[in-house]
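The data block below is entry_27.csv; it holds CSV, C-alpha atoms.
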chain,number,residue,atom,x,y,z
Q,1,MET,CA,32.4,-79.7,-20.1
Q,2,TYR,CA,33.4,-78.4,-23.5
Q,3,ASN,CA,36.3,-76.5,-25.0
Q,4,TYR,CA,36.0,-75.3,-28.5
Q,5,ILE,CA,38.8,-73.3,-30.3
Q,6,TYR,CA,37.3,-71.8,-33.4
Q,7,LYS,CA,39.7,-69.6,-35.3
Q,8,VAL,CA,42.5,-67.2,-34.8
Q,9,GLY,CA,41.6,-63.8,-33.2
Q,10,VAL,CA,39.8,-62.8,-30.1
Q,11,ASP,CA,37.9,-59.5,-29.7
Q,12,VAL,CA,35.9,-59.5,-26.4
Q,13,VAL,CA,35.2,-62.3,-24.0
Q,14,TYR,CA,32.2,-62.8,-21.7
Q,15,THR,CA,31.4,-65.3,-19.0
Q,16,SER,CA,27.9,-66.1,-17.6
Q,17,VAL,CA,27.0,-68.1,-14.5
Q,18,ASP,CA,23.6,-69.9,-14.0
Q,19,LEU,CA,23.0,-71.3,-10.5
Q,20,GLY,CA,20.2,-73.8,-11.3
Q,21,SER,CA,18.4,-76.1,-8.9
Q,22,ASP,CA,19.6,-79.1,-10.9
Q,23,THR,CA,22.9,-78.0,-12.5
Q,24,ILE,CA,25.3,-75.0,-12.4
Q,25,LYS,CA,26.2,-73.8,-15.8
Q,26,ILE,CA,29.1,-71.6,-16.8
Q,27,VAL,CA,29.7,-70.4,-20.4
Q,28,VAL,CA,32.6,-68.5,-21.7
Q,29,ALA,CA,32.1,-66.9,-25.2
Q,30,SER,CA,34.0,-64.7,-27.5
Q,31,LYS,CA,32.4,-62.3,-30.1
Q,32,GLU,CA,33.9,-61.7,-33.5
Q,33,ASN,CA,32.2,-60.1,-36.5
Q,34,ASN,CA,28.8,-60.1,-34.7
Q,35,LYS,CA,29.0,-63.9,-34.1
Q,36,PHE,CA,29.5,-65.6,-30.8
Q,37,TYR,CA,31.9,-68.6,-30.3
Q,38,ILE,CA,32.1,-70.8,-27.3
Q,39,LEU,CA,35.5,-70.9,-25.7
Q,40,ALA,CA,34.5,-73.2,-22.8
Q,41,SER,CA,31.3,-74.5,-21.1
Q,42,THR,CA,30.5,-76.8,-18.2
Q,43,ASN,CA,27.5,-78.0,-16.2
Q,44,VAL,CA,27.8,-79.7,-12.9
Q,45,LYS,CA,25.2,-81.0,-10.5
Q,46,SER,CA,24.2,-78.3,-8.1
Q,47,LYS,CA,23.7,-78.9,-4.4
Q,48,GLY,CA,22.1,-76.6,-1.8
Q,49,ILE,CA,19.6,-74.9,-4.2
Q,50,LYS,CA,15.9,-75.7,-4.4
Q,51,LYS,CA,13.5,-74.0,-6.7
Q,52,GLY,CA,16.0,-71.2,-7.1
Q,53,ILE,CA,16.3,-70.6,-3.4
Q,54,ILE,CA,19.6,-71.0,-1.6
Q,55,LYS,CA,19.2,-73.7,1.1
Q,56,ASP,CA,22.8,-74.5,2.0
Q,57,LYS,CA,25.4,-71.8,1.1
Q,58,ASP,CA,28.4,-74.1,1.6
Q,59,LEU,CA,27.0,-76.8,-0.7
Q,60,VAL,CA,26.3,-74.2,-3.4
Q,61,ILE,CA,29.8,-72.7,-3.2
Q,62,ALA,CA,31.4,-76.2,-3.4
Q,63,SER,CA,29.4,-77.0,-6.6
Q,64,LEU,CA,30.2,-73.5,-8.0
Q,65,LYS,CA,33.9,-74.0,-7.4
Q,66,GLU,CA,33.8,-77.4,-9.1
Q,67,ALA,CA,32.3,-75.7,-12.2
Q,68,ILE,CA,34.9,-72.9,-12.0
Q,69,THR,CA,37.7,-75.4,-11.9
Q,70,ASN,CA,36.4,-77.1,-15.0
Q,71,ILE,CA,36.2,-73.9,-16.9
Q,72,ASN,CA,39.7,-72.6,-15.8
Q,73,GLN,CA,41.3,-75.9,-16.8
Q,74,ASP,CA,39.7,-75.8,-20.2
Q,75,LEU,CA,40.7,-72.2,-20.8
Q,76,GLY,CA,44.1,-72.4,-19.3
Q,77,LEU,CA,43.5,-69.2,-17.4
Q,78,GLU,CA,41.2,-68.0,-14.6
Q,79,ILE,CA,37.9,-66.3,-15.1
Q,80,LYS,CA,37.3,-63.5,-12.7
Q,81,GLU,CA,34.4,-61.4,-14.0
Q,82,VAL,CA,30.9,-62.8,-14.8
Q,83,VAL,CA,27.3,-61.9,-15.6
Q,84,LEU,CA,24.9,-63.7,-13.3
Q,85,ASN,CA,21.5,-65.3,-14.0
Q,86,PHE,CA,19.0,-64.5,-11.3
Q,87,PRO,CA,15.8,-66.5,-10.8
Q,88,LEU,CA,12.5,-65.0,-11.7
Q,89,PHE,CA,10.8,-65.2,-8.3
Q,90,THR,CA,8.6,-62.2,-9.1
Q,91,ALA,CA,9.5,-59.3,-11.4
Q,92,ASN,CA,8.6,-56.1,-9.6
Q,93,THR,CA,8.2,-54.1,-12.7
Q,94,SER,CA,7.5,-50.4,-13.3
Q,95,ILE,CA,7.8,-47.7,-15.9
Q,96,GLU,CA,10.2,-44.8,-14.9
Q,97,THR,CA,11.1,-41.6,-16.7
Q,98,SER,CA,13.8,-38.9,-16.6
Q,99,GLU,CA,15.2,-36.0,-18.6
Q,100,ILE,CA,18.6,-34.4,-19.2
Q,101,LEU,CA,20.0,-31.4,-21.1
Q,102,VAL,CA,22.1,-32.1,-24.2
Q,103,ASP,CA,22.3,-29.0,-26.4
Q,104,GLY,CA,24.1,-30.9,-29.1
Q,105,VAL,CA,24.5,-34.4,-30.6
Q,106,VAL,CA,23.4,-37.3,-28.4
Q,107,THR,CA,26.3,-39.7,-27.7
Q,108,GLY,CA,26.7,-42.9,-25.7
Q,109,GLU,CA,27.7,-40.8,-22.7
Q,110,HIS,CA,24.3,-39.1,-22.7
Q,111,ILE,CA,22.7,-42.5,-22.8
Q,112,LYS,CA,24.6,-43.6,-19.7
Q,113,GLU,CA,23.9,-40.2,-18.0
Q,114,ILE,CA,20.1,-40.4,-18.5
Q,115,ILE,CA,19.9,-44.1,-17.4
Q,116,ASN,CA,21.9,-43.3,-14.3
Q,117,LYS,CA,19.6,-40.4,-13.5
Q,118,THR,CA,16.6,-42.7,-13.9
Q,119,VAL,CA,18.1,-45.0,-11.3
Q,120,ARG,CA,19.1,-42.2,-8.9
Q,121,GLU,CA,15.7,-40.5,-8.9
Q,122,ASN,CA,13.3,-43.4,-9.0
Q,123,ILE,CA,14.8,-46.4,-7.3
Q,124,PRO,CA,14.7,-46.6,-3.4
Q,125,GLU,CA,17.9,-47.5,-1.7
Q,126,ASN,CA,16.6,-50.8,-0.3
Q,127,LEU,CA,16.0,-52.1,-3.9
Q,128,GLU,CA,18.4,-53.2,-6.6
Q,129,ILE,CA,17.8,-53.1,-10.3
Q,130,LEU,CA,17.8,-56.5,-12.1
Q,131,TYR,CA,16.5,-55.2,-15.4
Q,132,LEU,CA,16.4,-51.8,-17.0
Q,133,GLU,CA,15.6,-51.3,-20.7
Q,134,PRO,CA,14.8,-48.0,-22.4
Q,135,ILE,CA,11.4,-48.2,-24.2
Q,136,VAL,CA,11.6,-44.9,-26.1
Q,137,PHE,CA,13.6,-41.7,-26.1
Q,138,GLY,CA,12.2,-38.2,-26.6
Q,139,ILE,CA,14.0,-35.6,-28.7
Q,140,ASP,CA,13.0,-32.1,-27.4
Q,141,SER,CA,9.9,-33.8,-26.0
Q,142,ASP,CA,8.6,-34.2,-29.5
Q,143,LEU,CA,10.2,-36.8,-31.8
Q,144,GLN,CA,10.2,-40.3,-30.2
Q,145,VAL,CA,13.0,-42.8,-31.2
Q,146,VAL,CA,14.3,-46.1,-30.0
Q,147,ASP,CA,18.0,-45.1,-30.5
Q,148,PRO,CA,18.7,-41.3,-30.3
Q,149,LYS,CA,22.5,-41.5,-30.7
Q,150,GLY,CA,23.7,-39.1,-33.5
Q,151,LEU,CA,20.6,-36.9,-33.3
Q,152,THR,CA,20.7,-33.2,-32.3
Q,153,THR,CA,18.6,-32.0,-29.5
Q,154,SER,CA,18.5,-29.6,-26.6
Q,155,THR,CA,16.9,-32.1,-24.2
Q,156,LEU,CA,16.6,-35.9,-24.0
Q,157,ASP,CA,14.0,-37.8,-22.1
Q,158,VAL,CA,13.4,-41.5,-21.7
Q,159,ARG,CA,10.8,-44.0,-20.6
Q,160,CYS,CA,12.3,-47.2,-19.1
Q,161,ALA,CA,11.0,-50.6,-18.1
Q,162,VAL,CA,12.5,-51.4,-14.8
Q,163,ALA,CA,12.4,-54.5,-12.6
Q,164,THR,CA,13.7,-54.5,-9.0
Q,165,ILE,CA,14.3,-56.8,-6.1
Q,166,GLU,CA,15.1,-56.3,-2.4
Q,167,ARG,CA,18.8,-55.8,-1.9
Q,168,ASP,CA,19.2,-58.4,0.8
Q,169,ILE,CA,17.9,-61.2,-1.5
Q,170,LEU,CA,20.2,-60.2,-4.3
Q,171,TYR,CA,23.2,-60.0,-2.0
Q,172,GLN,CA,22.8,-63.7,-0.9
Q,173,TYR,CA,23.7,-64.6,-4.5
Q,174,LEU,CA,26.4,-62.0,-4.9
Q,175,SER,CA,28.1,-63.2,-1.7
Q,176,LEU,CA,28.2,-66.7,-3.1
Q,177,LEU,CA,30.2,-65.7,-6.1
Q,178,HIS,CA,32.4,-63.4,-4.1
Q,179,GLU,CA,33.4,-66.3,-1.9
Q,180,ALA,CA,34.1,-68.3,-5.1
Q,181,SER,CA,36.5,-65.4,-6.1
Q,182,LEU,CA,34.2,-64.1,-8.9
Q,183,GLU,CA,33.2,-60.5,-9.4
Q,184,VAL,CA,29.7,-60.0,-10.8
Q,185,VAL,CA,29.7,-57.1,-13.3
Q,186,ASP,CA,26.0,-57.5,-14.3
Q,187,VAL,CA,23.0,-59.5,-13.0
Q,188,THR,CA,19.6,-59.9,-14.6
Q,189,TYR,CA,16.8,-62.4,-14.9
Q,190,GLY,CA,17.7,-65.6,-16.8
Q,191,ILE,CA,14.4,-65.3,-18.7
Q,192,VAL,CA,15.8,-62.2,-20.4
Q,193,GLY,CA,18.7,-64.4,-21.6
Q,194,ASP,CA,16.1,-66.9,-22.9
Q,195,TYR,CA,14.5,-64.2,-24.9
Q,196,PHE,CA,17.8,-62.9,-26.4
Q,197,GLU,CA,18.8,-66.4,-27.3
Q,198,ASN,CA,15.5,-67.0,-29.2
Q,199,VAL,CA,14.8,-63.5,-30.6
Q,200,ASN,CA,13.4,-63.2,-34.1
Q,201,HIS,CA,11.5,-60.6,-36.2
Q,202,ASP,CA,8.2,-61.6,-34.7
Q,203,THR,CA,9.4,-61.2,-31.1
Q,204,GLU,CA,10.7,-57.8,-31.8
Q,205,THR,CA,7.3,-56.6,-33.1
Q,206,LYS,CA,4.7,-58.5,-31.0
Q,207,LEU,CA,3.5,-59.1,-27.5
Q,208,GLY,CA,4.5,-62.6,-26.4
Q,209,VAL,CA,5.5,-65.0,-23.7
Q,210,VAL,CA,8.8,-66.7,-22.8
Q,211,VAL,CA,8.8,-69.8,-20.6
Q,212,ASN,CA,11.7,-71.6,-19.0
Q,213,LEU,CA,10.6,-75.0,-17.9
Q,214,GLY,CA,13.3,-75.7,-15.3
Q,215,TYR,CA,14.1,-78.6,-12.9
Q,216,GLY,CA,12.5,-77.2,-9.8
Q,217,LYS,CA,10.4,-74.3,-11.1
Q,218,THR,CA,8.9,-72.8,-14.3
Q,219,GLU,CA,9.4,-69.2,-15.2
Q,220,VAL,CA,6.8,-67.3,-17.2
Q,221,ALA,CA,7.4,-63.8,-18.5
Q,222,ILE,CA,5.5,-61.3,-20.8
Q,223,PHE,CA,7.6,-59.4,-23.4
Q,224,ASN,CA,6.3,-56.6,-25.6
Q,225,LYS,CA,8.5,-55.8,-28.6
Q,226,GLY,CA,11.5,-57.3,-26.7
Q,227,ILE,CA,10.8,-55.4,-23.4
Q,228,LEU,CA,10.1,-57.4,-20.2
Q,229,LEU,CA,6.8,-56.3,-18.8
Q,230,LYS,CA,5.8,-58.9,-16.2
Q,231,GLY,CA,7.0,-62.2,-14.9
Q,232,MET,CA,6.1,-65.0,-12.4
Q,233,CYS,CA,7.7,-68.2,-11.1
Q,234,LEU,CA,5.6,-71.3,-10.7
Q,235,PRO,CA,6.8,-73.9,-8.1
Q,236,ILE,CA,6.7,-76.8,-10.4
Q,237,GLY,CA,9.3,-78.2,-12.8
Q,238,SER,CA,10.6,-81.3,-14.5
Q,239,SER,CA,11.7,-82.8,-11.2
Q,240,LYS,CA,8.1,-83.8,-10.8
Q,241,ILE,CA,8.5,-86.1,-13.8
Q,242,ASP,CA,11.5,-87.9,-12.0
Q,243,LYS,CA,9.4,-88.4,-8.9
Q,244,ASP,CA,6.5,-89.8,-10.9
Q,245,ILE,CA,8.7,-92.3,-12.7
Q,246,SER,CA,10.4,-93.3,-9.5
Q,247,TYR,CA,7.1,-93.8,-7.7
Q,248,ILE,CA,5.3,-95.7,-10.5
Q,249,TYR,CA,8.1,-98.1,-11.3
Q,250,LYS,CA,9.5,-98.2,-7.7
Q,251,ILE,CA,13.0,-97.4,-8.9
Q,252,ASP,CA,15.8,-95.1,-7.7
Q,253,LYS,CA,15.4,-91.5,-8.6
Q,254,LYS,CA,18.7,-91.4,-10.5
Q,255,TYR,CA,17.4,-94.3,-12.7
Q,256,ALA,CA,14.2,-92.3,-13.2
Q,257,THR,CA,16.1,-89.2,-14.3
Q,258,SER,CA,18.2,-91.2,-16.7
Q,259,LEU,CA,15.1,-92.8,-18.2
Q,260,LYS,CA,13.4,-89.4,-18.6
Q,261,GLU,CA,16.5,-87.9,-20.4
Q,262,ASN,CA,17.6,-90.9,-22.4
Q,263,PHE,CA,14.6,-93.2,-23.1
Q,264,ALA,CA,11.3,-91.3,-22.8
Q,265,VAL,CA,9.8,-88.9,-25.2
Q,266,ALA,CA,7.6,-85.9,-24.4
Q,267,SER,CA,4.6,-87.0,-26.5
Q,268,SER,CA,3.5,-90.7,-26.4
Q,269,LYS,CA,2.6,-90.1,-30.1
Q,270,TYR,CA,6.3,-90.5,-30.9
Q,271,ALA,CA,6.9,-93.5,-28.6
Q,272,ASP,CA,7.5,-97.1,-29.6
Q,273,SER,CA,5.6,-99.7,-27.7
Q,274,ASN,CA,8.1,-102.4,-28.7
Q,275,ASP,CA,11.0,-100.5,-27.3
Q,276,ILE,CA,11.8,-101.9,-23.8
Q,277,VAL,CA,14.5,-101.4,-21.3
Q,278,GLU,CA,15.3,-103.6,-18.2
Q,279,VAL,CA,16.2,-102.0,-14.9
Q,280,LEU,CA,16.4,-103.1,-11.3
Q,281,ASN,CA,13.7,-101.7,-8.9
Q,282,LEU,CA,14.3,-100.8,-5.3
Q,283,SER,CA,13.6,-104.5,-4.3
Q,284,GLY,CA,16.4,-105.7,-6.5
Q,285,GLU,CA,13.9,-107.2,-9.0
Q,286,GLU,CA,14.5,-106.9,-12.7
Q,287,ILE,CA,11.6,-105.1,-14.4
Q,288,LYS,CA,10.8,-104.2,-18.0
Q,289,ILE,CA,9.8,-100.6,-18.9
Q,290,ASN,CA,7.9,-99.9,-22.1
Q,291,GLN,CA,8.8,-96.6,-23.9
Q,292,PHE,CA,5.2,-95.9,-24.7
Q,293,GLU,CA,3.9,-96.4,-21.2
Q,294,LEU,CA,6.8,-94.4,-19.7
Q,295,SER,CA,6.2,-91.6,-22.2
Q,296,GLN,CA,2.5,-91.5,-21.1
Q,297,VAL,CA,3.7,-90.7,-17.6
Q,298,VAL,CA,6.1,-88.0,-18.8
Q,299,GLU,CA,3.4,-86.5,-21.2
Q,300,ALA,CA,0.8,-86.3,-18.4
Q,301,ARG,CA,3.1,-84.3,-16.1
Q,302,LEU,CA,4.3,-82.0,-18.9
Q,303,LEU,CA,0.7,-81.3,-20.0
Q,304,GLU,CA,-0.1,-80.3,-16.4
Q,305,ILE,CA,2.8,-77.9,-16.3
Q,306,ILE,CA,1.8,-76.4,-19.7
Q,307,LYS,CA,-1.8,-75.9,-18.5
Q,308,ASN,CA,-0.5,-74.2,-15.4
Q,309,VAL,CA,1.6,-71.9,-17.6
Q,310,LYS,CA,-1.4,-71.1,-19.7
Q,311,ASN,CA,-3.4,-70.1,-16.6
Q,312,GLU,CA,-0.5,-67.9,-15.4
Q,313,ILE,CA,-0.3,-66.2,-18.8
Q,314,ASN,CA,-4.0,-65.3,-18.4
Q,315,ASN,CA,-3.3,-63.9,-14.9
Q,316,LEU,CA,-0.4,-61.8,-16.2
Q,317,THR,CA,-2.1,-60.2,-19.2
Q,318,ASN,CA,-5.5,-60.1,-20.9
Q,319,ARG,CA,-4.0,-59.1,-24.2
Q,320,GLU,CA,-3.7,-61.4,-27.2
Q,321,ILE,CA,-0.5,-63.3,-27.3
Q,322,GLY,CA,1.4,-63.3,-30.6
Q,323,TYR,CA,3.9,-66.0,-29.7
Q,324,ILE,CA,5.2,-68.3,-27.0
Q,325,ILE,CA,8.8,-69.4,-26.7
Q,326,VAL,CA,9.5,-72.4,-24.4
Q,327,THR,CA,12.9,-73.5,-23.3
Q,328,GLY,CA,14.6,-75.5,-20.5
Q,329,GLY,CA,16.0,-79.0,-20.2
Q,330,ALA,CA,12.6,-80.8,-20.6
Q,331,THR,CA,12.1,-79.2,-24.0
Q,332,ASN,CA,15.0,-81.3,-25.4
Q,333,LEU,CA,12.6,-84.3,-25.3
Q,334,THR,CA,11.2,-85.5,-28.6
Q,335,GLY,CA,7.7,-84.4,-29.3
Q,336,PHE,CA,7.5,-81.4,-27.0
Q,337,GLN,CA,6.3,-79.2,-29.8
Q,338,ASN,CA,3.2,-81.5,-30.1
Q,339,LEU,CA,2.2,-80.8,-26.5
Q,340,LEU,CA,2.4,-77.0,-27.1
Q,341,ASP,CA,0.2,-77.4,-30.2
Q,342,GLN,CA,-2.5,-79.0,-28.1
Q,343,GLU,CA,-2.7,-75.9,-25.8
Q,344,PHE,CA,-1.8,-72.8,-27.8
Q,345,SER,CA,-3.0,-71.4,-31.1
Q,346,CYS,CA,-0.4,-68.6,-31.4
Q,347,ASP,CA,3.0,-69.0,-33.0
Q,348,LYS,CA,5.0,-71.5,-30.9
Q,349,VAL,CA,8.7,-71.9,-30.7
Q,350,VAL,CA,10.5,-74.7,-28.8
Q,351,ALA,CA,14.0,-73.4,-28.2
Q,352,ASN,CA,16.8,-75.1,-30.2
Q,353,VAL,CA,20.2,-74.0,-28.9
Q,354,ILE,CA,22.6,-75.1,-31.7
Q,355,THR,CA,25.7,-73.0,-31.0
Q,356,LEU,CA,28.7,-75.4,-31.1
Q,357,GLY,CA,29.8,-76.1,-27.5
Q,358,VAL,CA,26.4,-75.5,-25.9
Q,359,ARG,CA,24.0,-77.6,-28.0
Q,360,SER,CA,21.3,-78.1,-25.4
Q,361,ASN,CA,18.4,-76.0,-24.2
Q,362,ILE,CA,19.8,-76.0,-20.7
Q,363,TYR,CA,22.2,-73.4,-21.9
Q,364,SER,CA,19.5,-71.1,-23.3
Q,365,ALA,CA,19.7,-68.5,-20.5
Q,366,SER,CA,23.5,-68.7,-20.1
Q,367,LEU,CA,24.2,-67.9,-23.7
Q,368,GLY,CA,21.4,-65.5,-24.0
Q,369,LEU,CA,22.6,-63.4,-21.0
Q,370,ILE,CA,26.0,-63.1,-22.7
Q,371,LYS,CA,24.2,-61.7,-25.8
Q,372,TYR,CA,22.1,-59.4,-23.7
Q,373,PHE,CA,25.1,-58.0,-21.9
Q,374,ASP,CA,26.9,-57.4,-25.3
Q,375,TYR,CA,23.7,-55.7,-26.6
Q,376,LYS,CA,23.7,-53.3,-23.6
Q,377,MET,CA,27.4,-52.5,-24.0
Q,378,ASN,CA,26.9,-51.8,-27.7
Q,379,PHE,CA,23.9,-49.5,-27.0
Q,380,ARG,CA,26.0,-47.5,-24.6
Q,381,ASN,CA,29.0,-47.4,-27.0
Q,382,ILE,CA,31.1,-49.3,-24.5
Q,383,LYS,CA,33.7,-52.0,-25.4
Q,384,TYR,CA,34.0,-54.3,-22.5
Q,385,THR,CA,35.8,-57.6,-22.0
Q,386,MET,CA,35.8,-59.8,-18.9
Q,387,ILE,CA,39.4,-60.9,-19.3
Q,388,SER,CA,42.6,-58.9,-19.5
Q,389,LYS,CA,44.5,-58.1,-22.7
Q,390,GLU,CA,47.2,-60.5,-21.5
Q,391,ASP,CA,44.7,-63.3,-21.2
Q,392,ILE,CA,43.3,-62.5,-24.7
Q,393,ASP,CA,46.8,-62.7,-26.1
Q,394,ILE,CA,47.1,-66.2,-24.5
Q,395,LEU,CA,43.9,-67.3,-26.0
Q,396,THR,CA,44.8,-65.9,-29.4
Q,397,SER,CA,48.2,-67.7,-29.2
Q,398,LYS,CA,46.4,-71.0,-28.4
Q,399,LYS,CA,44.1,-70.5,-31.3
Q,400,LYS,CA,47.0,-70.0,-33.7
Q,401,GLU,CA,48.5,-73.3,-32.6
Q,402,VAL,CA,45.3,-75.2,-32.9
Q,403,SER,CA,44.5,-73.6,-36.2
Q,404,LYS,CA,47.9,-74.6,-37.5
Q,405,ALA,CA,47.5,-78.2,-36.2
Q,406,ARG,CA,44.1,-78.5,-37.9
Q,407,LYS,CA,45.5,-77.2,-41.2
Q,408,ASN,CA,48.2,-79.8,-41.1
Q,409,LEU,CA,45.7,-82.5,-40.3
Q,410,MET,CA,43.5,-81.5,-43.3
Q,411,GLU,CA,46.5,-81.4,-45.6
Q,412,LYS,CA,47.4,-84.9,-44.5
Q,413,PHE,CA,43.8,-86.1,-45.0
Q,414,GLU,CA,43.6,-84.5,-48.5
Q,415,THR,CA,46.9,-86.2,-49.4
Q,416,TYR,CA,45.5,-89.5,-48.2
Q,417,LEU,CA,42.4,-89.1,-50.4
Q,418,GLU,CA,44.5,-88.2,-53.4
Q,419,SER,CA,46.7,-91.3,-53.0
Q,420,ASN,CA,43.8,-93.7,-52.5
Go ahead and express the file in the form of structure tokens.
Amino acid sequence: MYNYIYKVGVDVVYTSVDLGSDTIKIVVASKENNKFYILASTNVKSKGIKKGIIKDKDLVIASLKEAITNINQDLGLEIKEVVLNFPLFTANTSIETSEILVDGVVTGEHIKEIINKTVRENIPENLEILYLEPIVFGIDSDLQVVDPKGLTTSTLDVRCAVATIERDILYQYLSLLHEASLEVVDVTYGIVGDYFENVNHDTETKLGVVVNLGYGKTEVAIFNKGILLKGMCLPIGSSKIDKDISYIYKIDKKYATSLKENFAVASSKYADSNDIVEVLNLSGEEIKINQFELSQVVEARLLEIIKNVKNEINNLTNREIGYIIVTGGATNLTGFQNLLDQEFSCDKVVANVITLGVRSNIYSASLGLIKYFDYKMNFRNIKYTMISKEDIDILTSKKKEVSKARKNLMEKFETYLESN
């Protein structure tokens, strides 16, 4: 749980929800001068979800409500609208086209019109769109541009990358948030958020891969110039590491998780054979665990997952990969980059989420989805905020008070330095 007041002034506020198998994450962020600032964040242990699949609705809702309570207490107001991270079971992708009459200058309204037409004419009623991204627009069926706003044309056409899912599956998730008194204003694959959190010049110009190594599953997606083309979910994640440690050392799974997160490293190359911890096993006996040996266990499982990812990439595309971005909780472990170097020759990026308030790769998708939603709103010339003007005024007032308090504290500190 984190609450960070940055500076006076609030423009728009967004909230994202990630229903993970291990933790439920909620992030509330504000955007000002093209920068995002975290207003509040939380992660709580999730129950009732396994490998992205809802197993017990009531347990999920209880965990979600706990996370919501944390956020509301930090903010001092209630969140009501959110964007939702949806798991990448399988991205049913296609390329869809449509055309509209303009006879003038293209505006944001025309963009909304042609995208809505694409949906109406091409998507069956039993399916819901989780991802829709324009690839290119045609001006009078001749000039092709990425952003046609401001150009004059008689007709406007578009080619869109679209990913859909059966409506009944999506509604299982939407109903959960509805029962928790949250309205979902947008929903898309979390892997898209991972891309937007780690975007750079190379990813915008090349074909590459984004991987989220989660707790119960691993998601793999192919992006071309920032457009999601294909994706797949592998039924293996970092929970396997916890089970390995628990089995080998005969210790409680909670101890195993703690050892993985706080003592082990991803590559045994970075481990210290002289670093030892003592824990009680399931028989009540005190045992000593060596960091080097423990890290060998972690390394073996991570390499297995990475090899599976490599095989899946080959199944998804036969084109040359320009880059791979890997994120997820396990990538926080020291030495993870070294494991990627062993298997991939392309440019490799291990996510490094450094935004104050969410400095952990577990928040990669959550923060990225906020950035993606903001990108979509800007492209359509829409200014949208997920809290009311009255609530924005409340946040701004709080920031003024905190800003004043910090100023007074700094003045006192400077006075202290001068007098000493």
Taking only C-alpha atoms into account, which of Q:Asp244, Q:Val28, Q:Thr257, Q:Thr23 comes nearest Q:Leu75? Q:Val28
Using all atoms listed in the file: which of Q:Ala365, Q:Ile115, Q:Ile321, Q:Ile129 has the shortest distance to Q:Asn212: Q:Ala365
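Between atom CA of Q:Cys160 and atom CA of Q:Arg380 the separation is 14.8 Å.
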If you count all atoms listed in the file, which residues fall within 9 Å of Q:Leu280, apart from same-chain ones fewer than 4 positions away, as a PyMOL selection string? chain Q and resi 251-252+255+284-288
List the spatial neighbours of Q:Gly368 as a ChimeraX atom specification - criterion: any atom at most 7 Å away, all atoms listed in the file, same-chain residues fewer than 3 positions off excluded. /Q:193-194,196-197,364-365,371-372
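Among Q:Phe223, Q:Tyr384, Q:Phe336, Q:Tyr247, the residue with the shortest atom-to-atom distance to Q:Thr93, counting all atoms listed in the file, is Q:Phe223.
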Could you work out how far atom CA of Q:Leu213 lies from atom CA of Q:Ser267, giving the answer in Å with one decimal? 15.9 Å
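Nearest to Q:Pro134 of all the residues Q:Lys51, Q:Lys383, Q:Lys348, Q:Lys376 is Q:Lys376, counting only C-alpha atoms.
Non-sequential neighbours of stretch 139-148 of chain Q (distance at most 7 Å, separation of 5 or more positions within a chain, only C-alpha atoms) are Val106, Thr153, Ser154, Thr155, Leu156 and Asp157 of chain Q.
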Quick check, in Å to one decimal: how far apart do atom CA of Q:Gln337 and atom CA of Q:Ile370 lie? 26.4 Å
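Minimum atom-to-atom distances from Q:Thr118, Q:Thr90, Q:Gln73, Q:Thr355 to Q:Glu166 were compared using all atoms listed in the file, and the lowest value belongs to Q:Thr90.
Non-sequential neighbours of stretch 169-185 of chain Q (distance at most 7 Å, separation of 3 or more positions within a chain, only C-alpha atoms) are Q:Ile61, Q:Lys65, Q:Lys80, Q:Glu81, Q:Val82, Q:Val83, Q:Leu84, Q:Glu166.
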Go ahead and write the residues just picked, C-alpha atoms, as a PDB file, in the coordinates of the input.
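As a result, again_26.pdb now contains:
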ATOM      1  CA  ILE Q  61      29.800 -72.700  -3.200  1.00  0.00           C
ATOM      2  CA  LYS Q  65      33.900 -74.000  -7.400  1.00  0.00           C
ATOM      3  CA  LYS Q  80      37.300 -63.500 -12.700  1.00  0.00           C
ATOM      4  CA  GLU Q  81      34.400 -61.400 -14.000  1.00  0.00           C
ATOM      5  CA  VAL Q  82      30.900 -62.800 -14.800  1.00  0.00           C
ATOM      6  CA  VAL Q  83      27.300 -61.900 -15.600  1.00  0.00           C
ATOM      7  CA  LEU Q  84      24.900 -63.700 -13.300  1.00  0.00           C
ATOM      8  CA  GLU Q 166      15.100 -56.300  -2.400  1.00  0.00           C
TER       9      GLU Q 166
END
Counting all atoms listed in the file, the option among Q:Ile276, Q:Leu207, Q:Ile26, Q:Leu130 closest to Q:Tyr323: Q:Leu207
